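This is start_4.cif. It holds mmCIF, C-alpha atoms.
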```cif
data_upload
loop_
_atom_site.label_atom_id
_atom_site.label_comp_id
_atom_site.auth_asym_id
_atom_site.auth_seq_id
_atom_site.Cartn_x
_atom_site.Cartn_y
_atom_site.Cartn_z
CA MET A 17 -27.31 -1.65 3.17
CA TYR A 18 -29.37 -4.83 3.57
CA LYS A 19 -26.37 -6.24 5.39
CA ASN A 20 -26.83 -3.48 7.95
CA LEU A 21 -30.45 -4.44 8.40
CA ILE A 22 -29.60 -8.09 8.89
CA SER A 23 -26.97 -7.35 11.47
CA ASN A 24 -29.35 -5.02 13.32
CA MET A 25 -31.99 -7.73 13.31
CA ALA A 26 -29.43 -10.22 14.53
CA ALA A 27 -28.40 -7.81 17.28
CA ASN A 28 -32.01 -7.46 18.44
CA PHE A 29 -32.51 -11.20 18.29
CA ALA A 30 -29.40 -11.68 20.38
CA LYS A 31 -30.73 -9.20 22.93
CA ILE A 32 -34.08 -10.99 23.09
CA THR A 33 -32.57 -14.43 23.42
CA THR A 34 -30.16 -13.22 26.05
CA ILE A 35 -32.98 -11.69 28.06
CA ALA A 36 -34.98 -14.89 27.58
CA GLY A 37 -31.98 -16.82 28.80
CA ILE A 38 -31.71 -14.67 31.91
CA ARG A 39 -35.45 -15.00 32.53
CA ALA A 40 -35.24 -18.73 32.07
CA THR A 41 -32.39 -18.90 34.56
CA ARG A 42 -34.39 -16.90 37.06
CA ARG A 43 -37.36 -19.11 36.53
CA ILE A 44 -35.31 -22.15 37.43
CA HIS A 45 -35.22 -20.75 40.90
CA ILE A 46 -38.94 -20.50 41.10
CA VAL A 47 -40.07 -23.33 38.87
CA THR A 48 -38.73 -26.77 39.47
CA SER A 49 -39.95 -30.27 38.83
CA TYR A 50 -40.57 -32.89 41.39
CA ASN A 51 -41.50 -36.44 40.52
CA ASN A 52 -41.87 -35.26 36.94
CA LYS A 53 -44.50 -32.76 37.93
CA LEU A 54 -44.03 -29.05 37.79
CA TYR A 55 -44.19 -26.86 40.85
CA LYS A 56 -43.87 -23.18 41.33
CA PHE A 57 -42.33 -21.59 44.34
CA ILE A 58 -44.27 -18.97 46.13
CA GLY A 59 -41.73 -16.79 47.72
CA GLN A 60 -39.93 -13.46 47.74
CA THR A 61 -36.90 -12.74 45.65
CA GLY A 62 -34.76 -12.86 48.76
CA SER A 63 -36.04 -16.23 49.85
CA ARG A 64 -35.36 -17.82 46.48
CA LYS A 65 -31.68 -17.64 47.08
CA LYS A 66 -32.02 -19.86 50.07
CA ILE A 67 -33.23 -22.79 47.99
CA PRO A 68 -30.68 -25.55 47.94
CA CYS A 69 -29.79 -26.36 44.37
CA CYS A 70 -32.54 -28.04 42.48
CA THR A 71 -31.49 -31.62 42.14
CA MET A 72 -34.25 -33.60 40.49
CA SER A 73 -34.28 -36.41 43.05
CA GLN A 74 -34.15 -34.12 46.06
CA GLU A 75 -37.25 -33.67 48.21
CA PRO A 76 -38.46 -30.10 47.99
CA PRO A 77 -37.75 -28.27 51.24
CA LYS A 78 -40.83 -28.55 53.39
CA LYS A 79 -40.79 -25.00 54.72
CA TYR A 80 -41.86 -23.62 51.29
CA ASP A 81 -45.31 -23.88 49.80
CA PHE A 82 -45.73 -25.24 46.30
CA VAL A 83 -48.60 -24.79 43.95
CA LYS A 84 -49.16 -27.42 41.39
CA GLU A 85 -48.73 -26.01 37.91
CA SER A 86 -51.33 -26.71 35.28
CA SER A 87 -50.13 -29.56 33.09
CA LYS A 88 -50.85 -27.59 29.84
CA ARG A 89 -48.07 -25.09 30.48
CA GLY A 90 -44.80 -26.20 28.86
CA PRO A 91 -42.19 -27.07 31.39
CA ILE A 92 -38.84 -25.30 31.27
CA ARG A 93 -36.15 -27.86 31.32
CA TRP A 94 -32.36 -27.78 31.32
CA THR A 95 -32.36 -28.77 27.66
CA GLY A 96 -34.41 -25.69 26.85
CA LEU A 97 -32.04 -23.47 28.75
CA ILE A 98 -29.00 -25.00 27.07
CA ALA A 99 -30.61 -24.54 23.65
CA THR A 100 -31.30 -20.89 24.49
CA VAL A 101 -27.71 -20.36 25.55
CA ILE A 102 -26.41 -21.98 22.34
CA VAL A 103 -28.72 -20.01 20.05
CA GLY A 104 -28.06 -16.78 21.95
CA GLY A 105 -24.33 -17.38 21.90
CA ALA A 106 -24.37 -18.09 18.18
CA ALA A 107 -26.34 -14.90 17.55
CA VAL A 108 -23.91 -12.83 19.64
CA TYR A 109 -20.99 -14.39 17.79
CA TYR A 110 -22.58 -13.68 14.41
CA VAL A 111 -23.24 -10.06 15.31
CA LYS A 112 -19.63 -9.61 16.43
CA GLN A 113 -18.39 -11.11 13.16
CA ALA A 114 -20.69 -8.94 11.07
CA LYS A 115 -19.59 -5.87 13.00
CA ASP A 116 -15.89 -6.64 12.48
CA GLU A 117 -16.48 -7.16 8.79
CA MET A 118 -18.31 -3.88 8.44
CA GLU A 119 -15.53 -2.10 10.30
CA LYS A 120 -12.96 -3.55 7.89
CA LYS A 121 -15.03 -2.53 4.86
CA ARG A 122 -15.45 0.98 6.16
CA GLU A 123 -11.70 1.23 6.73
CA ALA A 124 -10.98 -0.02 3.21
CA GLU A 125 -13.50 2.39 1.75
CA LYS A 126 -11.86 5.25 3.62
CA GLN A 127 -8.39 4.40 2.33
CA ARG A 128 -9.59 3.88 -1.20
CA SER A 129 -11.34 7.19 -1.37
CA ILE A 130 -8.28 9.03 -0.06
CA GLY A 131 -6.06 7.43 -2.73
CA LYS A 132 -8.58 7.99 -5.46
CA ALA A 133 -8.97 11.67 -4.77
CA ALA A 134 -5.27 12.47 -4.64
CA ILE A 135 -3.22 10.69 -7.32
CA GLY A 136 -3.66 8.67 -10.50
CA GLY A 137 -6.24 8.47 -13.24
CA PRO A 138 -6.76 7.81 -16.91
CA PHE A 139 -4.02 8.29 -19.49
CA THR A 140 -3.43 7.59 -23.17
CA LEU A 141 0.14 7.06 -24.37
CA VAL A 142 2.15 5.06 -26.90
CA ASN A 143 4.16 2.04 -25.78
CA HIS A 144 7.66 1.09 -26.91
CA GLU A 145 6.18 -1.08 -29.68
CA GLY A 146 4.37 1.91 -31.14
CA LYS A 147 0.93 0.79 -29.95
CA THR A 148 -1.45 3.30 -28.38
CA VAL A 149 -2.33 2.23 -24.84
CA THR A 150 -4.48 3.56 -22.03
CA ASN A 151 -4.51 2.95 -18.27
CA LYS A 152 -7.27 0.37 -18.88
CA ASP A 153 -4.83 -1.86 -20.78
CA TYR A 154 -2.98 -2.38 -17.52
CA PHE A 155 -5.98 -3.36 -15.40
CA GLY A 156 -5.29 -6.70 -13.76
CA HIS A 157 -1.60 -5.93 -13.22
CA TRP A 158 0.27 -4.49 -10.30
CA LEU A 159 2.23 -1.55 -11.68
CA ILE A 160 5.12 0.56 -10.54
CA LEU A 161 5.31 3.75 -12.60
CA TYR A 162 8.40 5.87 -12.96
CA PHE A 163 8.59 9.19 -14.78
CA GLY A 164 11.95 10.09 -16.29
CA PHE A 165 13.76 10.71 -19.59
CA THR A 166 16.36 8.85 -21.63
CA HIS A 167 18.98 11.64 -21.57
CA CYS A 168 18.84 11.66 -17.77
CA PRO A 169 22.39 11.77 -16.35
CA ASP A 170 22.24 9.79 -13.13
CA ILE A 171 19.00 9.77 -11.19
CA CYS A 172 16.85 7.91 -13.73
CA PRO A 173 19.27 5.02 -14.34
CA GLU A 174 19.88 4.73 -10.60
CA THR A 175 16.17 4.67 -9.83
CA LEU A 176 15.42 2.17 -12.60
CA GLU A 177 18.23 -0.07 -11.32
CA LYS A 178 16.84 0.18 -7.81
CA LEU A 179 13.41 -0.71 -9.17
CA GLN A 180 14.89 -3.65 -11.05
CA ASN A 181 16.49 -4.99 -7.85
CA ALA A 182 13.24 -4.51 -5.93
CA LEU A 183 11.33 -6.46 -8.61
CA ASP A 184 13.91 -9.27 -8.55
CA LYS A 185 13.44 -9.43 -4.81
CA ILE A 186 9.64 -9.59 -5.14
CA ASP A 187 9.90 -12.27 -7.86
CA SER A 188 12.11 -14.43 -5.65
CA THR A 189 9.89 -14.03 -2.58
CA LYS A 190 7.80 -17.18 -2.15
CA ASP A 191 4.93 -15.44 -0.37
CA ALA A 192 4.55 -12.65 -2.93
CA PRO A 193 1.11 -13.23 -4.48
CA ASP A 194 1.81 -11.50 -7.78
CA LYS A 195 4.44 -9.95 -10.05
CA VAL A 196 4.82 -6.26 -10.74
CA LEU A 197 4.88 -4.72 -14.20
CA PRO A 198 7.31 -1.78 -14.20
CA ILE A 199 6.47 1.14 -16.47
CA PHE A 200 8.76 3.98 -17.54
CA ILE A 201 6.97 7.10 -18.71
CA THR A 202 9.02 9.83 -20.38
CA VAL A 203 8.69 13.47 -19.40
CA ASP A 204 10.68 14.46 -22.49
CA PRO A 205 8.46 13.50 -25.44
CA ALA A 206 10.32 15.94 -27.74
CA ARG A 207 13.43 13.73 -27.78
CA ASP A 208 12.04 10.40 -26.55
CA ASP A 209 10.24 8.87 -29.49
CA VAL A 210 9.13 5.23 -29.57
CA LYS A 211 12.47 4.00 -30.90
CA THR A 212 14.54 5.91 -28.34
CA VAL A 213 12.39 4.65 -25.49
CA ALA A 214 12.54 1.07 -26.83
CA GLU A 215 16.36 1.26 -26.92
CA TYR A 216 16.54 2.81 -23.47
CA ILE A 217 14.42 0.25 -21.59
CA LYS A 218 16.58 -2.62 -22.89
CA ASP A 219 19.19 -1.70 -20.27
CA PHE A 220 16.83 -2.37 -17.41
CA HIS A 221 14.30 -4.94 -16.17
CA PRO A 222 13.17 -7.39 -18.91
CA ARG A 223 9.51 -6.65 -18.10
CA LEU A 224 9.99 -2.87 -18.22
CA VAL A 225 7.46 -1.12 -20.45
CA GLY A 226 8.34 2.25 -21.95
CA LEU A 227 5.65 4.83 -22.66
CA THR A 228 5.83 8.07 -24.60
CA GLY A 229 3.33 10.16 -26.52
CA THR A 230 2.57 13.65 -27.73
CA GLU A 231 3.37 16.68 -25.58
CA GLU A 232 -0.29 16.86 -24.60
CA GLN A 233 -0.59 13.17 -23.73
CA VAL A 234 2.51 13.28 -21.53
CA LYS A 235 1.39 16.51 -19.93
CA ALA A 236 -2.03 15.05 -19.11
CA THR A 237 -0.48 11.89 -17.63
CA CYS A 238 1.92 13.88 -15.48
CA LYS A 239 -0.98 16.02 -14.33
CA VAL A 240 -3.08 13.11 -13.05
CA TYR A 241 -0.02 11.68 -11.27
CA ARG A 242 1.00 15.11 -9.95
CA VAL A 243 4.45 14.84 -11.54
CA TYR A 244 6.45 18.03 -11.85
CA TYR A 245 8.78 18.37 -14.84
CA SER A 246 10.56 21.28 -16.44
CA ALA A 247 13.09 21.18 -19.28
CA GLY A 248 16.22 23.22 -18.73
CA PRO A 249 17.78 25.54 -21.33
CA ALA A 250 18.96 23.73 -24.48
CA ASP A 251 22.34 24.40 -26.10
CA ALA A 252 23.12 24.50 -29.85
CA ASP A 253 22.97 20.70 -30.09
CA ASN A 254 19.56 20.64 -28.41
CA ASP A 255 21.18 19.13 -25.36
CA TYR A 256 19.35 19.79 -22.09
CA ILE A 257 18.34 18.22 -18.80
CA VAL A 258 14.77 17.85 -17.61
CA ASP A 259 14.20 18.53 -13.94
CA HIS A 260 11.44 16.26 -12.64
CA SER A 261 9.99 14.62 -9.52
CA VAL A 262 11.65 11.31 -8.68
CA ILE A 263 8.81 9.18 -7.36
CA LEU A 264 7.77 5.58 -7.97
CA TYR A 265 4.02 5.00 -7.94
CA LEU A 266 2.47 1.67 -6.93
CA VAL A 267 -0.83 0.99 -8.70
CA ASP A 268 -3.11 -1.99 -7.94
CA PRO A 269 -4.87 -4.29 -10.47
CA ASP A 270 -7.97 -2.06 -10.34
CA GLY A 271 -5.86 0.82 -11.63
CA GLU A 272 -5.97 2.60 -8.29
CA PHE A 273 -2.96 4.39 -6.86
CA VAL A 274 -1.87 2.58 -3.67
CA ASP A 275 1.46 3.98 -2.48
CA TYR A 276 4.54 5.89 -3.58
CA PHE A 277 8.25 5.44 -2.99
CA GLY A 278 10.49 8.47 -2.76
CA GLN A 279 14.22 8.68 -3.38
CA ASN A 280 14.96 7.86 0.25
CA MET A 281 13.47 4.35 -0.04
CA ASP A 282 15.87 1.52 -0.83
CA GLU A 283 15.09 -1.60 -2.88
CA HIS A 284 14.30 -3.69 0.21
CA GLU A 285 11.78 -1.19 1.51
CA ILE A 286 10.16 -0.95 -1.92
CA ALA A 287 9.92 -4.76 -2.24
CA ASN A 288 8.59 -5.29 1.28
CA THR A 289 6.02 -2.51 1.09
CA THR A 290 4.82 -3.73 -2.31
CA ILE A 291 4.44 -7.32 -1.08
CA SER A 292 2.51 -6.19 1.97
CA HIS A 293 0.12 -4.19 -0.25
CA MET A 294 -0.35 -7.22 -2.50
CA LEU A 295 -1.15 -9.46 0.47
CA LYS A 296 -3.55 -6.89 1.88
CA TYR A 297 -5.27 -6.67 -1.50
CA LYS A 298 -5.50 -10.45 -1.83
CA PHE A 299 -6.66 -11.39 1.65
CA GLY A 300 -7.90 -8.19 3.16
CA ASN A 301 -10.07 -5.32 2.27
CA LYS A 302 -11.18 -6.26 -1.19
CA LYS A 303 -13.32 -9.15 -2.27
CA MET B 19 21.69 13.50 -30.58
CA PRO B 20 21.26 9.82 -29.65
CA ALA B 21 20.34 9.00 -26.07
CA PRO B 22 23.19 7.50 -24.07
CA ASN B 23 22.99 3.77 -23.45
CA ALA B 24 24.27 1.69 -20.53
CA ASN B 25 27.75 1.51 -22.09
CA SER B 26 28.18 5.21 -22.78
CA ARG B 27 26.76 6.04 -19.37
CA GLN B 28 29.37 3.80 -17.78
CA LEU B 29 32.20 5.43 -19.75
CA CYS B 30 30.97 8.87 -18.73
CA TYR B 31 30.73 7.95 -15.03
CA GLU B 32 34.25 6.49 -15.07
CA ALA B 33 35.74 9.60 -16.72
CA ARG B 34 33.85 11.80 -14.28
CA ASP B 35 35.06 9.87 -11.24
CA LYS B 36 38.68 9.99 -12.44
CA TYR B 37 38.53 13.73 -12.94
CA TYR B 38 36.95 14.42 -9.53
CA GLU B 39 39.40 12.06 -7.87
CA CYS B 40 42.24 14.08 -9.37
CA ARG B 41 40.62 17.31 -8.19
CA ASP B 42 40.28 15.88 -4.68
CA LYS B 43 43.97 15.00 -4.62
CA ASN B 44 45.05 18.35 -6.05
CA PRO B 45 42.62 20.90 -4.74
CA ASP B 46 44.80 23.89 -5.63
CA LYS B 47 46.29 22.75 -8.93
CA THR B 48 43.59 22.50 -11.59
CA GLU B 49 46.16 22.34 -14.37
CA VAL B 50 47.29 18.86 -13.19
CA CYS B 51 43.82 17.49 -13.98
CA GLU B 52 43.58 19.08 -17.40
CA GLU B 53 43.79 15.72 -19.22
CA PHE B 54 41.11 14.15 -17.02
CA ARG B 55 38.87 17.13 -17.61
CA LYS B 56 39.20 16.72 -21.37
CA MET B 57 38.36 13.04 -21.10
CA PHE B 58 35.36 13.83 -18.89
CA GLU B 59 34.00 16.37 -21.37
CA LYS B 60 34.59 13.99 -24.26
CA SER B 61 32.82 11.06 -22.57
CA CYS B 62 29.74 12.88 -21.31
CA LEU B 63 27.06 15.06 -22.87
CA PRO B 64 27.71 18.77 -22.21
CA SER B 65 24.49 18.98 -20.21
CA TRP B 66 25.67 16.12 -18.06
CA VAL B 67 29.05 17.75 -17.41
CA LYS B 68 27.23 20.86 -16.27
CA HIS B 69 24.92 18.76 -14.12
CA PHE B 70 27.76 16.82 -12.47
CA ASP B 71 29.83 19.95 -11.85
CA ARG B 72 26.90 21.62 -10.17
CA LYS B 73 26.16 18.52 -8.17
CA ARG B 74 29.78 18.35 -7.01
CA VAL B 75 29.77 21.95 -5.84
CA TYR B 76 26.58 21.23 -3.94
CA GLU B 77 27.98 18.03 -2.41
CA GLU B 78 31.18 19.83 -1.37
CA TYR B 79 29.18 22.59 0.22
CA LYS B 80 27.04 20.03 2.06
CA LYS B 81 30.16 18.25 3.31
CA LYS B 82 31.67 21.52 4.48
CA LEU B 83 28.46 22.49 6.20
CA ASN B 84 28.34 19.15 8.01
CA THR B 85 31.98 19.11 9.14
CA GLU B 86 32.67 22.78 9.79
CA GLY B 87 29.21 24.15 10.31
CA TYR B 88 27.89 27.44 9.07
CA LYS B 89 30.18 30.41 9.61
CA LEU B 90 28.84 33.91 9.43
CA THR B 91 32.35 35.13 8.50
CA ASP B 92 32.11 33.23 5.21
CA GLU B 93 29.77 35.87 3.91
#
```

Transcribe the structure of this file into structure tokens.
Amino acid sequence: MYKNLISNMAANFAKITTIAGIRATRRIHIVTSYNNKLYKFIGQTGSRKKIPCCTMSQEPPKKYDFVKESSKRGPIRWTGLIATVIVGGAAVYYVKQAKDEMEKKREAEKQRSIGKAAIGGPFTLVNHEGKTVTNKDYFGHWLILYFGFTHCPDICPETLEKLQNALDKIDSTKDAPDKVLPIFITVDPARDDVKTVAEYIKDFHPRLVGLTGTEEQVKATCKVYRVYYSAGPADADNDYIVDHSVILYLVDPDGEFVDYFGQNMDEHEIANTTISHMLKYKFGNKK
Amino acid sequence: MPAPNANSRQLCYEARDKYYECRDKNPDKTEVCEEFRKMFEKSCLPSWVKHFDRKRVYEEYKKKLNTEGYKLTDE
């Protein structure tokens, strides 16, 4: 908030200096020097305009009366006026900059709060090495989360392949500021134990992390990410399909949800959107 | 039941595609595709077969809807 105060003060200062500048300019019409001595015009506003421009060497027009100014009063000179203009200009520039910056911050704050309220949050799960992890373990990384299951017939492998291609594209893009850590989270913890998940992720991106957990842990994670899942009827061999939302979630290094990619997005769109979010994060809204 | 891996998924998809290709070529003679059907069911999990069959019906319906449009007389 102190930033607000400073910019307000700067705004007022700019106003004052600008007014002073205008006054000084007006005064040039009525106060001019002659033979290094200061004179003041006595005249009406209208008559001032008739003064031929105040060249220092020029004789003052005879038809006007001049009153000799007291020598104690500081003379207003061109240098003073120029200094005023410079200082005033700098103040105006600073205020404009400060205003732009505040606008940007406000915008960022707005976006952040929208994302925060809607999707994402804390979770505790077990990774494919059998280690318990939480969302905090992934702070500092850009993440793309995908919820699926290892017995998934076609959509999950297709989506994970698409994600793999998108990540390859990001990795090979020179201007991409960071790499993305892809995470697969199962919605079928009953069948997808640590070993099954570890086997499954081998078929996809080398950085892919697989997460599973207890029924409760998975349920809680799906809840914070608003993922729908529902296991279909199982046959005698406990064979079934889990119906679930097919969405990729982009999460920034602060653990905040940033964007999502639906099934209609191809690998190029995913890569480009991710890179643009990374650049925005690096150079834009956040410190 | 072990989760399918990349290899078994590939085998399943191939068997599926062969069977549906046969069905496309012989829309009225299911008995011609009997062998392909067996191979399909052998290569894929039962739940997957069910899933793909349902998906195919849906895709066919979508295609029909797009090319012929909706006909009230179908009802």

Practice problem: Considering all atoms listed in the file, extract the chain A residues located within 12 Å of chain B and return them as number ranges by chain. | Solution: A: 165-174, 176-177, 204, 206-209, 211-220, 247-259

Quiz prompt | Residue members of the PyMOL selection byres ((chain B and resi 53-60) around 6) in the file shown, as a VMD selection string | solution = chain B and resid 33 to 34 37 51 to 52 61 to 62

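Separating atom CA of A:Ile102 from atom CA of A:Met118 is a distance of 24.2 Å.
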
Self-check item: Length of the atom CA of A:Thr228 to atom CA of A:Leu141 vector [Å]
Solution: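 Answer for the atom CA of A:Thr228 to atom CA of A:Leu141 separation: 5.8 Å.
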
Per-axis box centre and lengths in Å around stretch 25-39 of chain B, 5 Å margin per side, axis-aligned, as AutoDock Vina command-line options:
```
--center_x 33.1 --center_y 8.0 --center_z -15.3 --size_x 22.6 --size_y 22.9 --size_z 24.9
```

Quiz item: In Å, with one decimal, what is the gap from atom CA of A:Leu227 to atom CA of A:Lys152?
Solution: 14.2 Å

Quiz item: So which one's closest to A:Ile286, A:Asp184, A:Asp116, A:Asp153, A:Glu123? Using all atoms listed in the file, please.
Solution: A:Asp184
